[in-house]
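Structure data (compact mmCIF, C-alpha atoms and all ligand atoms) from coords-v2.txt:
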# COMPACT_ATOMS: atom_id res chain seq x y z
CA MET A 1 31.01 -45.96 48.14
CA ASN A 2 31.17 -44.98 51.79
CA ALA A 3 29.10 -42.46 53.71
CA LYS A 4 31.89 -39.87 53.74
CA HIS A 5 32.07 -39.79 49.98
CA ALA A 6 28.35 -39.56 49.67
CA THR A 7 28.29 -36.49 51.95
CA PHE A 8 31.03 -34.85 49.89
CA TRP A 9 29.43 -35.56 46.56
CA LYS A 10 26.10 -33.94 47.27
CA PRO A 11 27.28 -30.32 47.71
CA LEU A 12 29.57 -30.68 44.71
CA ALA A 13 26.70 -31.90 42.63
CA ALA A 14 24.63 -28.87 43.65
CA ALA A 15 27.47 -26.50 42.71
CA CYS A 16 27.89 -28.34 39.48
CA ILE A 17 24.28 -27.77 38.45
CA LEU A 18 24.60 -24.04 39.13
CA VAL A 19 27.64 -23.84 36.90
CA LEU A 20 25.91 -25.88 34.23
CA ALA A 21 23.05 -23.47 34.01
CA GLY A 22 25.40 -20.85 32.64
CA SER A 23 27.98 -22.91 30.76
CA GLY A 24 28.53 -26.52 29.93
CA LEU A 25 28.53 -29.82 31.65
CA ALA A 26 31.90 -31.11 30.54
CA ALA A 27 33.84 -28.41 32.42
CA CYS A 28 31.81 -28.99 35.51
CA ALA A 29 32.46 -32.70 35.50
CA ARG A 30 36.19 -32.10 35.17
CA GLY A 31 36.04 -29.58 38.02
CA ASP A 32 34.48 -32.12 40.29
CA ALA A 33 37.23 -34.55 39.60
CA ARG A 34 39.96 -31.98 40.26
CA ARG A 35 38.54 -30.83 43.53
CA GLU A 36 38.22 -34.34 44.78
CA THR A 37 41.73 -35.15 43.72
CA ASP A 38 43.19 -31.97 45.22
CA GLY A 39 41.32 -32.54 48.45
CA GLY A 40 43.08 -35.83 48.81
CA THR A 41 41.33 -36.68 52.05
CA ILE A 42 38.62 -38.85 50.73
CA ASP A 43 38.20 -41.84 48.62
CA ASP A 44 37.73 -39.85 45.43
CA ALA A 45 35.31 -41.39 43.06
CA ALA A 46 36.62 -39.46 40.02
CA ALA A 47 40.24 -40.14 40.79
CA ASP A 48 39.36 -43.74 41.20
CA GLY A 49 37.72 -43.63 37.83
CA THR A 50 34.37 -44.25 39.41
CA ASP A 51 32.81 -40.79 38.83
CA PRO A 52 30.31 -41.89 36.22
CA CYS A 53 30.10 -38.40 34.62
CA ALA A 54 33.89 -38.14 34.21
CA SER A 55 33.77 -40.54 31.34
CA ALA A 56 30.20 -39.88 30.30
CA THR A 57 29.39 -39.72 26.60
CA CYS A 58 26.83 -36.99 26.95
CA SER A 59 26.41 -34.45 24.18
CA SER A 60 27.89 -31.03 24.88
CA LEU A 61 24.26 -29.90 24.70
CA ALA A 62 23.24 -32.22 27.54
CA ALA A 63 23.57 -32.31 31.32
CA CYS A 64 25.07 -35.36 32.98
CA SER A 65 23.71 -36.75 36.21
CA PRO A 66 25.28 -39.67 38.07
CA VAL A 67 22.88 -42.46 38.69
CA GLY A 68 24.51 -44.90 41.07
CA GLU A 69 27.62 -46.00 39.31
CA SER A 70 26.22 -44.97 35.94
CA PHE A 71 25.10 -41.65 34.56
CA GLU A 72 22.24 -40.07 32.78
CA CYS A 73 22.40 -37.51 29.94
CA THR A 74 19.59 -35.02 29.65
CA CYS A 75 19.44 -32.60 26.74
CA LEU A 76 19.49 -28.96 27.77
CA ALA A 77 16.37 -26.81 27.51
CA GLY A 78 15.61 -26.05 23.88
CA TYR A 79 17.12 -29.33 22.67
CA ALA A 80 15.69 -32.79 22.22
CA GLY A 81 17.35 -36.17 21.89
CA ASP A 82 18.68 -39.13 23.84
CA GLY A 83 21.31 -37.07 25.67
CA GLU A 84 24.17 -38.32 23.58
CA VAL A 85 22.77 -36.64 20.51
CA CYS A 86 20.77 -33.45 21.08
CA ASP A 87 19.12 -31.42 18.33
CA ASP A 88 17.61 -27.98 18.42
CA ILE A 89 13.87 -27.93 18.87
CA ASP A 90 12.13 -25.74 16.28
CA GLU A 91 9.69 -24.19 18.72
CA CYS A 92 8.02 -22.27 15.90
CA THR A 93 6.96 -25.28 13.85
CA GLU A 94 6.47 -27.57 16.85
CA GLY A 95 3.82 -25.24 18.26
CA ILE A 96 5.78 -24.76 21.47
CA ALA A 97 6.55 -21.10 20.96
CA THR A 98 4.44 -18.70 22.97
CA CYS A 99 4.37 -15.96 20.36
CA HIS A 100 1.32 -13.71 20.07
CA PRO A 101 -0.79 -14.42 16.97
CA ALA A 102 0.29 -11.04 15.62
CA ALA A 103 3.97 -11.85 16.10
CA THR A 104 6.41 -13.66 13.88
CA CYS A 105 8.37 -16.56 15.36
CA THR A 106 12.02 -17.10 14.47
CA ASN A 107 13.75 -20.31 15.46
CA PHE A 108 17.24 -20.14 16.96
CA GLU A 109 19.72 -22.77 18.15
CA GLY A 110 18.45 -23.67 21.59
CA SER A 111 15.82 -20.98 21.60
CA PHE A 112 13.37 -18.90 19.56
CA GLU A 113 12.28 -15.30 19.26
CA CYS A 114 8.89 -13.61 18.95
CA ILE A 115 8.69 -10.18 17.31
CA CYS A 116 5.43 -8.28 17.06
CA GLY A 117 4.31 -7.71 13.49
CA LEU A 118 3.89 -4.41 11.71
CA GLY A 119 1.23 -2.30 13.38
CA TYR A 120 1.76 -3.86 16.81
CA VAL A 121 3.96 -3.09 19.78
CA GLY A 122 4.99 -5.46 22.59
CA ASP A 123 7.46 -8.11 23.65
CA GLY A 124 6.32 -10.68 21.12
CA GLU A 125 4.33 -12.73 23.60
CA VAL A 126 1.99 -9.81 24.13
CA CYS A 127 1.36 -7.59 21.14
CA ASP A 128 -0.94 -4.59 21.26
CA ASP A 129 -2.36 -2.77 18.28
CA ILE A 130 -0.83 0.62 17.62
CA ASP A 131 -3.40 3.38 17.18
CA GLU A 132 -1.70 5.02 14.24
CA CYS A 133 -4.32 7.77 14.15
CA THR A 134 -3.75 9.09 17.67
CA GLU A 135 -0.03 8.34 17.58
CA GLY A 136 0.30 10.65 14.61
CA ILE A 137 2.04 8.08 12.44
CA ALA A 138 -0.83 7.50 10.01
CA THR A 139 -0.06 8.80 6.56
CA CYS A 140 -3.56 9.93 5.65
CA HIS A 141 -3.97 12.93 3.40
CA GLU A 142 -4.85 16.14 5.21
CA ALA A 143 -8.28 16.04 3.59
CA ALA A 144 -8.91 12.50 4.83
CA THR A 145 -10.20 10.93 8.04
CA CYS A 146 -8.15 8.28 9.82
CA THR A 147 -9.73 5.20 11.37
CA ASN A 148 -7.73 2.84 13.54
CA THR A 149 -8.01 -0.88 12.80
CA GLU A 150 -6.47 -3.98 14.36
CA GLY A 151 -2.92 -4.09 13.09
CA SER A 152 -3.40 -1.23 10.69
CA PHE A 153 -5.41 1.90 9.93
CA GLU A 154 -7.62 3.24 7.19
CA CYS A 155 -7.80 6.60 5.48
CA ALA A 156 -10.91 7.85 3.71
CA CYS A 157 -11.12 11.09 1.78
CA ASP A 158 -13.48 13.62 3.29
CA GLU A 159 -16.70 14.54 1.58
CA GLY A 160 -16.08 16.63 -1.48
CA TYR A 161 -12.79 14.88 -2.16
CA SER A 162 -11.96 11.76 -4.07
CA GLY A 163 -8.99 9.44 -3.84
CA ASP A 164 -7.68 6.55 -1.84
CA GLY A 165 -7.33 8.44 1.45
CA PHE A 166 -3.58 8.82 1.11
CA SER A 167 -3.99 11.13 -1.83
CA CYS A 168 -7.17 13.16 -2.00
CA VAL A 169 -8.15 15.70 -4.59
CA ALA A 170 -11.15 17.95 -4.52
CA ALA A 171 -13.91 16.16 -6.36
CA PRO A 172 -14.64 17.78 -9.71
CA VAL A 173 -17.70 19.92 -10.12
CA ASP A 174 -19.72 19.56 -13.27
CA TYR A 175 -20.72 22.59 -15.33
CA PRO A 176 -23.24 21.64 -17.97
CA VAL A 177 -23.07 23.79 -21.04
CA GLY A 178 -26.31 22.38 -22.19
CA GLY A 179 -28.50 22.80 -25.16
CA ARG A 180 -30.40 20.10 -26.92
CA ASP A 181 -32.95 22.17 -28.76
CA GLN A 182 -31.27 21.48 -32.10
CA SER A 183 -29.84 18.23 -33.36
CA TRP A 184 -28.17 16.93 -36.48
CA SER A 185 -27.17 13.50 -37.59
CA MET A 186 -23.78 13.77 -39.22
CA ALA A 187 -21.01 11.35 -40.15
CA ASN A 188 -17.34 11.95 -39.36
CA PHE A 189 -17.56 15.44 -37.91
CA TRP A 190 -15.63 17.43 -35.33
CA ARG A 191 -17.35 19.84 -32.95
CA GLY A 192 -16.18 21.89 -30.00
CA ASN A 193 -16.80 24.83 -27.72
CA ILE A 194 -14.38 27.67 -27.06
CA TYR A 195 -13.90 28.89 -23.50
CA HIS A 196 -11.99 31.90 -22.24
CA ALA A 197 -10.21 30.97 -19.00
CA THR A 198 -10.85 33.71 -16.45
CA SER A 199 -8.81 31.98 -13.77
CA SER A 200 -6.49 29.03 -13.40
CA THR A 201 -8.43 25.85 -12.70
CA ARG A 202 -7.91 22.15 -13.12
CA LEU A 203 -9.85 20.58 -15.96
CA ASP A 204 -10.75 17.11 -14.72
CA HIS A 205 -12.58 15.85 -17.81
CA PHE A 206 -15.39 16.80 -20.13
CA GLU A 207 -18.32 14.98 -21.60
CA VAL A 208 -20.15 15.34 -24.87
CA HIS A 209 -23.72 14.42 -25.60
CA LEU A 210 -23.73 12.25 -28.69
CA ASP A 211 -26.08 9.58 -29.85
CA VAL A 212 -23.90 6.86 -31.23
CA THR A 213 -25.69 3.80 -32.48
CA ASP A 214 -22.73 1.53 -32.90
CA GLY A 215 -19.17 1.19 -31.62
CA CYS A 216 -17.69 4.50 -32.67
CA ALA A 217 -14.20 5.97 -32.32
CA LEU A 218 -14.39 9.27 -30.47
CA GLY A 219 -11.42 11.62 -30.57
CA PHE A 220 -11.43 14.06 -27.66
CA TYR A 221 -9.25 17.15 -27.93
CA VAL A 222 -8.28 20.09 -25.78
CA LEU A 223 -6.79 22.91 -27.81
CA SER A 224 -5.44 26.21 -26.59
CA SER A 225 -4.76 29.54 -28.23
CA SER A 226 -3.95 33.01 -27.05
CA THR A 227 -6.83 34.62 -28.94
CA VAL A 228 -10.35 33.42 -29.65
CA ASP A 229 -9.64 32.86 -33.33
CA GLY A 230 -5.90 32.27 -33.07
CA ALA A 231 -4.15 29.17 -34.32
CA PRO A 232 -4.81 26.47 -31.77
CA SER A 233 -2.41 23.85 -30.53
CA VAL A 234 -3.30 20.51 -29.03
CA VAL A 235 -2.63 20.35 -25.29
CA TRP A 236 -4.40 17.07 -24.70
CA SER A 237 -6.12 14.34 -26.72
CA ALA A 238 -7.41 10.82 -26.31
CA THR A 239 -9.42 8.35 -28.33
CA THR A 240 -12.14 6.12 -26.95
CA THR A 241 -14.70 3.77 -28.39
CA ALA A 242 -18.29 4.55 -27.51
CA SER A 243 -21.74 3.15 -28.05
CA GLY A 244 -25.16 4.33 -27.05
CA LEU A 245 -27.09 7.50 -26.47
CA GLY A 246 -26.16 10.31 -24.12
CA TYR A 247 -22.97 11.62 -22.59
CA HIS A 248 -19.58 10.15 -23.41
CA SER A 249 -16.58 11.04 -21.29
CA SER A 250 -13.17 12.15 -22.44
CA GLY A 251 -11.63 10.27 -19.52
CA PRO A 252 -9.20 11.93 -17.08
CA ILE A 253 -7.47 15.04 -18.38
CA ASP A 254 -5.98 16.70 -15.28
CA LEU A 255 -4.96 19.87 -17.09
CA THR A 256 -4.32 23.09 -15.19
CA THR A 257 -5.59 25.93 -17.30
CA GLU A 258 -3.84 29.27 -17.65
CA THR A 259 -5.64 32.53 -17.08
CA ASP A 260 -6.61 34.58 -20.13
CA THR A 261 -6.11 31.67 -22.52
CA TYR A 262 -8.69 30.25 -24.89
CA TYR A 263 -9.43 26.54 -24.65
CA THR A 264 -11.42 24.53 -27.13
CA LEU A 265 -12.96 21.30 -25.90
CA GLY A 266 -14.02 19.24 -28.86
CA VAL A 267 -14.73 15.77 -30.10
CA GLY A 268 -14.67 14.07 -33.45
CA TRP A 269 -16.54 10.92 -34.32
CA ASP A 270 -15.71 8.29 -36.88
CA CYS A 271 -19.27 7.16 -37.50
CA LEU A 272 -22.78 8.45 -38.02
CA ALA A 273 -23.86 10.26 -34.86
CA THR A 274 -26.39 12.77 -33.67
CA TYR A 275 -25.12 15.82 -31.83
CA TYR A 276 -27.02 18.56 -30.07
CA SER A 277 -26.59 22.28 -29.73
CA ALA A 278 -28.32 25.44 -28.64
CA PRO A 279 -28.25 28.92 -30.10
CA TYR A 280 -25.18 30.84 -29.12
CA ASP A 281 -27.07 33.75 -27.57
CA SER A 282 -28.64 31.45 -24.99
CA MET A 283 -25.26 30.97 -23.32
CA VAL A 284 -23.21 34.05 -24.16
CA GLY A 285 -21.04 35.09 -21.24
CA THR A 286 -22.13 32.19 -19.08
CA PHE A 287 -19.51 30.94 -16.71
CA ALA A 288 -18.81 27.37 -17.75
CA GLY A 289 -16.26 26.02 -15.32
CA ILE A 290 -13.13 27.01 -17.18
CA GLY A 291 -14.44 30.48 -17.87
CA THR A 292 -16.80 32.22 -20.24
CA LEU A 293 -18.21 30.47 -23.26
CA GLU A 294 -16.99 32.33 -26.30
CA GLY A 295 -18.24 30.38 -29.29
CA ASN A 296 -17.87 27.17 -31.18
CA ALA A 297 -15.36 25.46 -33.37
CA PHE A 298 -15.91 22.87 -36.03
CA HIS A 299 -14.24 20.82 -38.67
CA ASN A 300 -16.23 18.99 -41.26
CA SER A 301 -14.31 15.77 -41.24
CA TYR A 302 -12.84 13.38 -38.77
CA PRO A 303 -10.38 11.72 -38.00
CA GLY A 304 -8.20 14.72 -37.61
CA TYR A 305 -8.80 18.20 -36.39
CA SER A 306 -8.06 21.66 -37.67
CA PRO A 307 -11.03 23.43 -36.25
CA THR A 308 -12.31 26.47 -37.98
CA PHE A 309 -13.19 29.05 -35.38
CA LEU A 310 -16.01 31.39 -35.95
CA PRO A 311 -14.59 34.86 -36.46
CA SER A 312 -15.31 37.37 -33.73
CA SER A 313 -17.76 39.23 -35.89
CA GLY A 314 -19.71 36.10 -36.64
CA ARG A 315 -19.89 34.51 -33.23
CA ALA A 316 -23.25 35.96 -32.31
CA GLY A 317 -25.04 33.63 -34.66
CA GLY A 318 -23.13 30.48 -33.70
CA ALA A 319 -24.20 27.57 -31.61
CA HIS A 320 -22.69 25.80 -28.63
CA TYR A 321 -22.63 22.09 -28.30
CA ASP A 322 -23.98 20.13 -25.44
CA GLN A 323 -21.10 19.47 -23.05
CA ILE A 324 -20.39 18.97 -19.39
CA VAL A 325 -17.14 20.53 -18.23
CA SER A 326 -15.79 19.08 -14.99
CA ILE A 327 -13.52 21.35 -12.97
CA ALA A 328 -11.67 20.49 -9.80
CA PRO A 329 -10.63 23.42 -7.62
CA CA B 401 15.04 -23.52 18.65
CA CA B 402 -3.92 0.08 14.36
This entry written out as structure tokens:
Amino acid sequence: MNAKHATFWKPLAAACILVLAGSGLAACARGDARRETDGGTIDDAAADGTDPCASATCSSLAACSPVGESFECTCLAGYAGDGEVCDDIDECTEGIATCHPAATCTNFEGSFECICGLGYVGDGEVCDDIDECTEGIATCHEAATCTNTEGSFECACDEGYSGDGFSCVAAPVDYPVGGRDQSWSMANFWRGNIYHATSSTRLDHFEVHLDVTDGCALGFYVLSSSTVDGAPSVVWSATTTASGLGYHSSGPIDLTTETDTYYTLGVGWDCLATYYSAPYDSMVGTFAGIGTLEGNAFHNSYPGYSPTFLPSSGRAGGAHYDQIVSIAP
């Protein structure tokens, strides 16, 4: 190889590398050979069959470099191998990827991609937390307070409300319709109070004060009728098993009451229990959550219900049973 050839080869090699950066080596190597042949003024190494890259066995994913009369294959960026065989590097599993900890890495042929995870914004190498509260994209309930957190946000119902922050309902208010100055121990009875709804409210639940000394089936009922002693119909019922002394809850009811309708909240028990009541005149006309307390209802056996309402003329001497009515506005 003479000095003239060496001078010619160097600029071609530089041009070749520029082309390679955007395409492939094989085309570049052929280009070199053509130009030398077309030039025809020099002792062309490729035409002579002495351009080592002209017959190189490099992978199409490798760059060829002449080394003396031989050549060297170097896998392109993003690939690894001996130059004749080049395989994609999985930058994600190899720990080479420069993704942010809050980004997900996806491997591609010859490359990889970082995408910021949910709750973050950025180019994947830098991911910043989104303040969902100030950005107005938090989905908190209007009665909840939003708190920004790293990668997410939290919603908490305001005081006076209950829920998970995304759905908040006004916390129920308890209205005790108390009276424990009389008590009876009875087996398999049904007892209830009659209320006259003076407005539409949401009955959350109610509780009865019963002393139950063993596991006892309690049947909670909500009945409605258009008159105080009219035929009632069941609008809600549930059965629970209770033990112990004190209040036992009906569980969630979530019933919206209708104005000027009579509701009976009662419970039956399938055991021997002690229930409590107070004279009717101690609570007449008292607002009790749903509305005014109008009287009591009873049935002398349980399971089952078909409560006998006290007639209007006889209500004054009746009793009301110890209950807590929980109303949510
Ligand atoms: Ca890759
Ligand atoms: Ca956030």
Using only C-alpha atoms and all ligand atoms, which protein or nucleic acid residues are at most 10 Å from ligand CA 402 (chain B), as a ChimeraX atom specification? /A:118-120,128-135,138,147-154
Listing only residues of chain A within 10 Å of ligand CA 401 (chain B), what is the closest atom pair and its distance in Å (to one decimal) for each, using only C-alpha atoms and all ligand atoms, sorted by chain and residue number ascending, as CSV?
residue,atom,partner,partner_atom,distance
A:Ala77,CA,B:CA401,CA,9.5
A:Gly78,CA,B:CA401,CA,5.8
A:Tyr79,CA,B:CA401,CA,7.4
A:Ala80,CA,B:CA401,CA,10.0
A:Asp87,CA,B:CA401,CA,8.9
A:Asp88,CA,B:CA401,CA,5.2
A:Ile89,CA,B:CA401,CA,4.6
A:Asp90,CA,B:CA401,CA,4.4
A:Glu91,CA,B:CA401,CA,5.4
A:Cys92,CA,B:CA401,CA,7.6
A:Thr93,CA,B:CA401,CA,9.6
A:Glu94,CA,B:CA401,CA,9.6
A:Ile96,CA,B:CA401,CA,9.8
A:Ala97,CA,B:CA401,CA,9.1
A:Thr106,CA,B:CA401,CA,8.2
A:Asn107,CA,B:CA401,CA,4.7
A:Phe108,CA,B:CA401,CA,4.4
A:Glu109,CA,B:CA401,CA,4.8
A:Gly110,CA,B:CA401,CA,4.5
A:Ser111,CA,B:CA401,CA,4.0
A:Phe112,CA,B:CA401,CA,5.0
A:Glu113,CA,B:CA401,CA,8.7
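For the pair CA of Ile327 (chain A) and CA of Ser237 (chain A), the interatomic distance is 17.1 Å.
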Distance query 6 Å from (-13.3, 25.4, -33.1) using only C-alpha atoms, result as a list in words: Gly192, Asn296, Ala297, Phe298, Pro307, Thr308 and Phe309 of chain A
Shell of 7 Å around Ala278 (chain A), only C-alpha atoms, local chain residues under 3 positions omitted, as a list in words: Gly179, Arg180, Asp181, Gln182, Ala319, His320 and Tyr321 of chain A
Using all atoms listed in the file, give me every residue within 6 Å of (-10.9, 15.1, -25.6) in file coordinates, as a VMD selection string. chain A and resid 220 to 222 237 to 238 250 267
May I have the residues from that selection written out with C-alpha atoms, as an mmCIF file, keeping the file's coordinate frame?
data_model
loop_
_atom_site.group_PDB
_atom_site.id
_atom_site.type_symbol
_atom_site.label_atom_id
_atom_site.label_comp_id
_atom_site.auth_asym_id
_atom_site.auth_seq_id
_atom_site.Cartn_x
_atom_site.Cartn_y
_atom_site.Cartn_z
ATOM 1 C CA PHE A 220 -11.430 14.060 -27.660
ATOM 2 C CA TYR A 221 -9.250 17.150 -27.930
ATOM 3 C CA VAL A 222 -8.280 20.090 -25.780
ATOM 4 C CA SER A 237 -6.120 14.340 -26.720
ATOM 5 C CA ALA A 238 -7.410 10.820 -26.310
ATOM 6 C CA SER A 250 -13.170 12.150 -22.440
ATOM 7 C CA VAL A 267 -14.730 15.770 -30.100
#
Please provide the set of residues having any atom within 6 Å of His196 (chain A), restricted to only C-alpha atoms, with same-chain residues fewer than 4 positions apart removed, written as a PyMOL selection string. chain A and resi 261-262+291-292
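Taking CA of Ser243 (chain A) as the reference point, CA of Asp204 (chain A) is found at 22.2 Å.
Going from CA of Ala187 (chain A) to CA of Leu218 (chain A) covers 11.9 Å.
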Just the residues within 7 Å of Cys53 (chain A), please, counting all atoms listed in the file, with nothing from its chain fewer than 5 positions along; format it as number ranges by chain. A: 29, 64-66, 71
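Using all atoms listed in the file for every distance, the candidate list A:Val325, A:Val228, A:Ile137, A:Ala288 yields A:Val325 as the residue closest to Ser249 (chain A).
The smallest atom-to-atom distance between Pro172 (chain A) and any of A:Ile324, A:Ala242, A:Val208, A:Val85, using only C-alpha atoms, is found for A:Ile324.
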Please write out, as JSON, where the centre of an axis-aligned box around all listed atoms of region 148-155 of chain A lies and how long its edges are, in Å to one decimal, after adding 6 Å on each side.
{"center_x": -5.5, "center_y": 1.3, "center_z": 9.9, "size_x": 17.1, "size_y": 22.7, "size_z": 20.9}
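Take the candidates A:Thr104, A:Asn300, A:Ser59, A:Thr259 and check each one against Cys86 (chain A) using only C-alpha atoms; the shortest distance goes to A:Ser59.
The shortest atom-to-atom distance to Leu210 (chain A), with all atoms listed in the file taken into account, belongs to A:Ala273 out of A:Ala170, A:Val126, A:Ala273, A:Met186.
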With all atoms listed in the file as the counted atoms, please give the residues lying no more than 10 Å from Gly160 (chain A), apart from itself and same-chain residues fewer than 4 positions off, as a ChimeraX atom specification. /A:143,168-173
